[in-house]
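Okay, model06.cif now, which holds mmCIF, C-alpha atoms:
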```cif
data_input
loop_
_atom_site.label_atom_id
_atom_site.label_comp_id
_atom_site.auth_asym_id
_atom_site.auth_seq_id
_atom_site.Cartn_x
_atom_site.Cartn_y
_atom_site.Cartn_z
CA MET A 244 -43.57 -3.90 -56.79
CA ASN A 245 -43.81 -0.96 -59.10
CA GLY A 246 -41.24 1.82 -59.32
CA ASP A 247 -43.15 4.40 -57.23
CA GLY A 248 -42.90 2.35 -54.04
CA GLN A 249 -46.54 1.35 -54.03
CA GLY A 250 -47.21 -2.36 -53.47
CA SER A 251 -48.95 -4.50 -56.04
CA SER A 252 -52.15 -6.27 -55.11
CA HIS A 253 -50.66 -9.49 -56.50
CA TRP A 254 -47.52 -9.48 -54.29
CA PHE A 255 -45.34 -10.35 -57.24
CA ASP A 256 -42.30 -8.73 -58.79
CA ASP A 257 -41.52 -10.02 -62.28
CA GLU A 258 -37.78 -9.64 -61.75
CA ALA A 259 -37.55 -10.97 -58.19
CA GLY A 260 -40.23 -13.67 -58.30
CA PRO A 261 -42.77 -14.19 -55.54
CA VAL A 262 -42.37 -11.73 -52.70
CA VAL A 263 -44.51 -13.76 -50.28
CA ARG A 264 -43.41 -17.35 -49.86
CA PRO A 265 -46.04 -20.11 -50.03
CA TYR A 266 -45.69 -21.03 -46.35
CA ALA A 267 -46.48 -17.42 -45.44
CA MET A 268 -49.69 -17.54 -47.50
CA THR A 269 -50.86 -20.59 -45.59
CA ARG A 270 -49.60 -19.28 -42.21
CA GLY A 271 -47.12 -22.15 -42.04
CA ARG A 272 -49.73 -24.86 -42.64
CA THR A 273 -48.92 -27.61 -45.09
CA SER A 274 -52.30 -29.33 -45.06
CA HIS A 275 -55.92 -28.79 -44.17
CA ALA A 276 -58.51 -31.07 -42.59
CA ALA A 277 -60.54 -31.04 -45.83
CA GLN A 278 -57.48 -31.78 -47.96
CA HIS A 279 -58.45 -35.44 -48.41
CA ARG A 280 -61.31 -34.19 -50.63
CA LEU A 281 -59.16 -31.81 -52.63
CA ASP A 282 -57.49 -33.76 -55.38
CA VAL A 283 -56.33 -31.79 -58.42
CA ILE A 284 -59.53 -32.48 -60.40
CA ALA A 285 -61.95 -31.56 -57.59
CA LEU A 286 -64.20 -28.68 -58.68
CA VAL A 287 -64.43 -25.54 -56.58
CA VAL A 288 -67.66 -23.50 -56.82
CA SER A 289 -68.16 -20.06 -55.27
CA GLU A 290 -70.91 -19.81 -52.64
CA ALA A 291 -70.20 -16.16 -51.77
CA GLN A 292 -73.06 -13.73 -52.25
CA GLY A 293 -72.14 -10.19 -53.28
CA ASP A 294 -68.77 -8.66 -52.55
CA ASP A 295 -69.06 -8.51 -48.74
CA PHE A 296 -66.54 -11.33 -48.31
CA GLU A 297 -63.76 -9.08 -49.66
CA ALA A 298 -63.91 -6.96 -46.49
CA ASP A 299 -63.25 -10.00 -44.26
CA PRO A 300 -59.89 -9.33 -42.57
CA SER A 301 -59.21 -13.05 -42.17
CA LEU A 302 -59.04 -13.51 -45.96
CA SER A 303 -55.79 -13.03 -47.85
CA PRO A 304 -55.72 -11.60 -51.38
CA GLU A 305 -55.28 -15.19 -52.63
CA HIS A 306 -58.48 -16.29 -50.85
CA VAL A 307 -60.37 -13.46 -52.55
CA ASP A 308 -58.84 -14.35 -55.93
CA ILE A 309 -59.97 -17.98 -55.57
CA VAL A 310 -63.56 -16.99 -54.76
CA GLU A 311 -63.65 -14.59 -57.69
CA LEU A 312 -62.16 -17.12 -60.12
CA CYS A 313 -64.86 -19.63 -59.16
CA ARG A 314 -67.72 -17.13 -59.24
CA ASP A 315 -68.73 -17.56 -62.90
CA THR A 316 -67.38 -21.00 -63.67
CA PRO A 317 -66.40 -23.91 -61.41
CA GLN A 318 -62.63 -24.37 -61.42
CA SER A 319 -60.57 -27.43 -60.62
CA VAL A 320 -57.86 -27.20 -57.98
CA ALA A 321 -55.29 -27.61 -60.77
CA GLU A 322 -56.83 -24.74 -62.77
CA LEU A 323 -56.78 -22.50 -59.71
CA ALA A 324 -53.14 -23.33 -59.03
CA ALA A 325 -52.22 -22.55 -62.64
CA GLY A 326 -54.32 -19.37 -62.76
CA LEU A 327 -52.85 -18.02 -59.52
CA ASP A 328 -49.33 -19.31 -60.25
CA LEU A 329 -49.25 -21.06 -56.86
CA PRO A 330 -48.27 -24.59 -55.86
CA VAL A 331 -51.19 -27.05 -55.69
CA ALA A 332 -50.45 -27.72 -52.00
CA VAL A 333 -50.92 -24.02 -51.19
CA VAL A 334 -54.18 -23.85 -53.16
CA ARG A 335 -55.47 -26.91 -51.29
CA VAL A 336 -54.89 -25.22 -47.93
CA LEU A 337 -56.47 -21.94 -49.11
CA VAL A 338 -59.51 -23.71 -50.58
CA GLY A 339 -59.89 -25.64 -47.32
CA ASP A 340 -60.05 -22.31 -45.47
CA LEU A 341 -62.74 -21.11 -47.85
CA VAL A 342 -64.74 -24.32 -47.38
CA ASP A 343 -64.62 -23.75 -43.61
CA GLY A 344 -65.86 -20.19 -44.14
CA GLU A 345 -68.62 -21.47 -46.44
CA LEU A 346 -67.41 -19.23 -49.27
CA VAL A 347 -66.82 -22.13 -51.67
CA GLN A 348 -68.08 -25.64 -52.11
CA VAL A 349 -65.99 -28.53 -53.40
CA THR A 350 -67.47 -31.26 -55.53
CA ARG A 351 -65.55 -34.35 -56.34
CA PRO A 352 -65.77 -35.79 -59.82
CA VAL A 353 -67.74 -38.97 -60.30
CA PRO A 354 -65.34 -41.87 -59.81
CA THR A 355 -64.60 -43.87 -62.90
CA ALA A 356 -65.93 -47.38 -63.13
CA GLU A 357 -63.58 -50.12 -62.09
CA PRO A 358 -61.90 -51.84 -65.02
CA VAL A 359 -63.47 -55.05 -66.19
CA ASP A 360 -61.73 -58.22 -65.14
CA GLU A 361 -59.40 -59.37 -67.92
CA SER A 362 -60.69 -62.95 -67.75
CA ILE A 363 -64.21 -61.74 -68.61
CA LEU A 364 -62.89 -59.97 -71.70
CA ARG A 365 -61.01 -63.11 -72.79
CA ASN A 366 -64.17 -65.18 -72.38
CA VAL A 367 -66.13 -62.68 -74.50
CA ILE A 368 -63.49 -62.77 -77.24
CA THR A 369 -63.41 -66.58 -77.17
CA GLY A 370 -67.23 -66.67 -77.37
CA LEU A 371 -67.23 -64.31 -80.33
CA ARG A 372 -64.61 -66.40 -82.16
CA ASP A 373 -66.74 -69.51 -81.62
CA LEU A 374 -69.65 -67.89 -83.45
#
```

The structure in this file should be written as structure tokens.
Amino acid sequence: MNGDGQGSSHWFDDEAGPVVRPYAMTRGRTSHAAQHRLDVIALVVSEAQGDDFEADPSLSPEHVDIVELCRDTPQSVAELAAGLDLPVAVVRVLVGDLVDGELVQVTRPVPTAEPVDESILRNVITGLRDL
């Protein structure tokens, strides 16, 4: 809050810390149905066209910030949490809301290949030594 009594659009006071608690931002929810897809490296991409979404009364300032952060460059859930200075769990719930509203799309990274069986590696090493 600034000294003239006007509220900040970021709901943050440097001296007092967060004014709005995380559970208030998520309306008391601690998870979202889409949360199973939202690991910290999942990429969030904005699907919003124009700025019409900002007038949606169901969106909090944090929802709008997430859409705008993802507009130019896809952001991971971890990057969003760091950029907004919010817990990852809160960002997961907010991103889930935006997925439901079709304002963002979440893409999961390509899973890494399973590690090679150690016995195969030993056999290769043994074969190379025999040469």

Report as a PyMOL selection string all protein, DNA and RNA residues lying within 12 Å of A:Asp295, evaluated on only C-alpha atoms, omitting residues in the same chain fewer than 4 positions from it. chain A and resi 291+299-300+302+307+310+346

Write the residues you've just listed into a file as an mmCIF file, keeping the file's coordinate frame, and include C-alpha atoms for each of them.
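In the end it all went to result_35.cif:
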```
data_model
loop_
_atom_site.group_PDB
_atom_site.id
_atom_site.type_symbol
_atom_site.label_atom_id
_atom_site.label_comp_id
_atom_site.auth_asym_id
_atom_site.auth_seq_id
_atom_site.Cartn_x
_atom_site.Cartn_y
_atom_site.Cartn_z
ATOM 1 C CA ALA A 291 -70.200 -16.160 -51.770
ATOM 2 C CA ASP A 299 -63.250 -10.000 -44.260
ATOM 3 C CA PRO A 300 -59.890 -9.330 -42.570
ATOM 4 C CA LEU A 302 -59.040 -13.510 -45.960
ATOM 5 C CA VAL A 307 -60.370 -13.460 -52.550
ATOM 6 C CA VAL A 310 -63.560 -16.990 -54.760
ATOM 7 C CA LEU A 346 -67.410 -19.230 -49.270
#
```

Go through the shown structure with the PyMOL selection byres ((chain A and resi 312) around 12) and write out the matching residues as a compact mmCIF listing (two decimals) with C-alpha atoms, in the coordinates of the input.
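Below you can see expr23.txt, which holds the result:
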```txt
# COMPACT_ATOMS: atom_id res chain seq x y z
CA LEU A 286 -64.20 -28.68 -58.68
CA VAL A 287 -64.43 -25.54 -56.58
CA VAL A 288 -67.66 -23.50 -56.82
CA SER A 289 -68.16 -20.06 -55.27
CA GLU A 290 -70.91 -19.81 -52.64
CA ALA A 291 -70.20 -16.16 -51.77
CA GLU A 305 -55.28 -15.19 -52.63
CA HIS A 306 -58.48 -16.29 -50.85
CA VAL A 307 -60.37 -13.46 -52.55
CA ASP A 308 -58.84 -14.35 -55.93
CA ILE A 309 -59.97 -17.98 -55.57
CA VAL A 310 -63.56 -16.99 -54.76
CA GLU A 311 -63.65 -14.59 -57.69
CA CYS A 313 -64.86 -19.63 -59.16
CA ARG A 314 -67.72 -17.13 -59.24
CA ASP A 315 -68.73 -17.56 -62.90
CA THR A 316 -67.38 -21.00 -63.67
CA PRO A 317 -66.40 -23.91 -61.41
CA GLN A 318 -62.63 -24.37 -61.42
CA SER A 319 -60.57 -27.43 -60.62
CA VAL A 320 -57.86 -27.20 -57.98
CA GLU A 322 -56.83 -24.74 -62.77
CA LEU A 323 -56.78 -22.50 -59.71
CA ALA A 324 -53.14 -23.33 -59.03
CA ALA A 325 -52.22 -22.55 -62.64
CA GLY A 326 -54.32 -19.37 -62.76
CA LEU A 327 -52.85 -18.02 -59.52
CA VAL A 338 -59.51 -23.71 -50.58
CA VAL A 347 -66.82 -22.13 -51.67
```

Between A:Leu281, A:Val367, A:Arg351, A:Ala298, single out the one closest to A:Val333, counting only C-alpha atoms.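 Closest residue, counting only C-alpha atoms: A:Leu281.
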
What is the distance between atom CA of A:Ile284 and atom CA of A:Ser301, in Å to one decimal?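 Interatomic distance here is 26.6 Å.
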
Quick one: distance from atom CA of A:Glu357 to atom CA of A:Ala321 in Å, one decimal?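 Atom CA of A:Ala321 lies at a distance of 24.0 Å from atom CA of A:Glu357.
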
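Take atom CA of A:Asp282 and atom CA of A:Asp340: the distance between them is 15.4 Å.
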
Mind working out the centre and edge lengths of an axis-aligned box for stretch 292-298 of chain A, all listed atoms inside, 4 Å added to each side, rounded to one decimal in Å and written as AutoDock Vina command-line options?
```
--center_x -68.4 --center_y -10.3 --center_z -49.9 --size_x 17.3 --size_y 14.8 --size_z 14.8
```
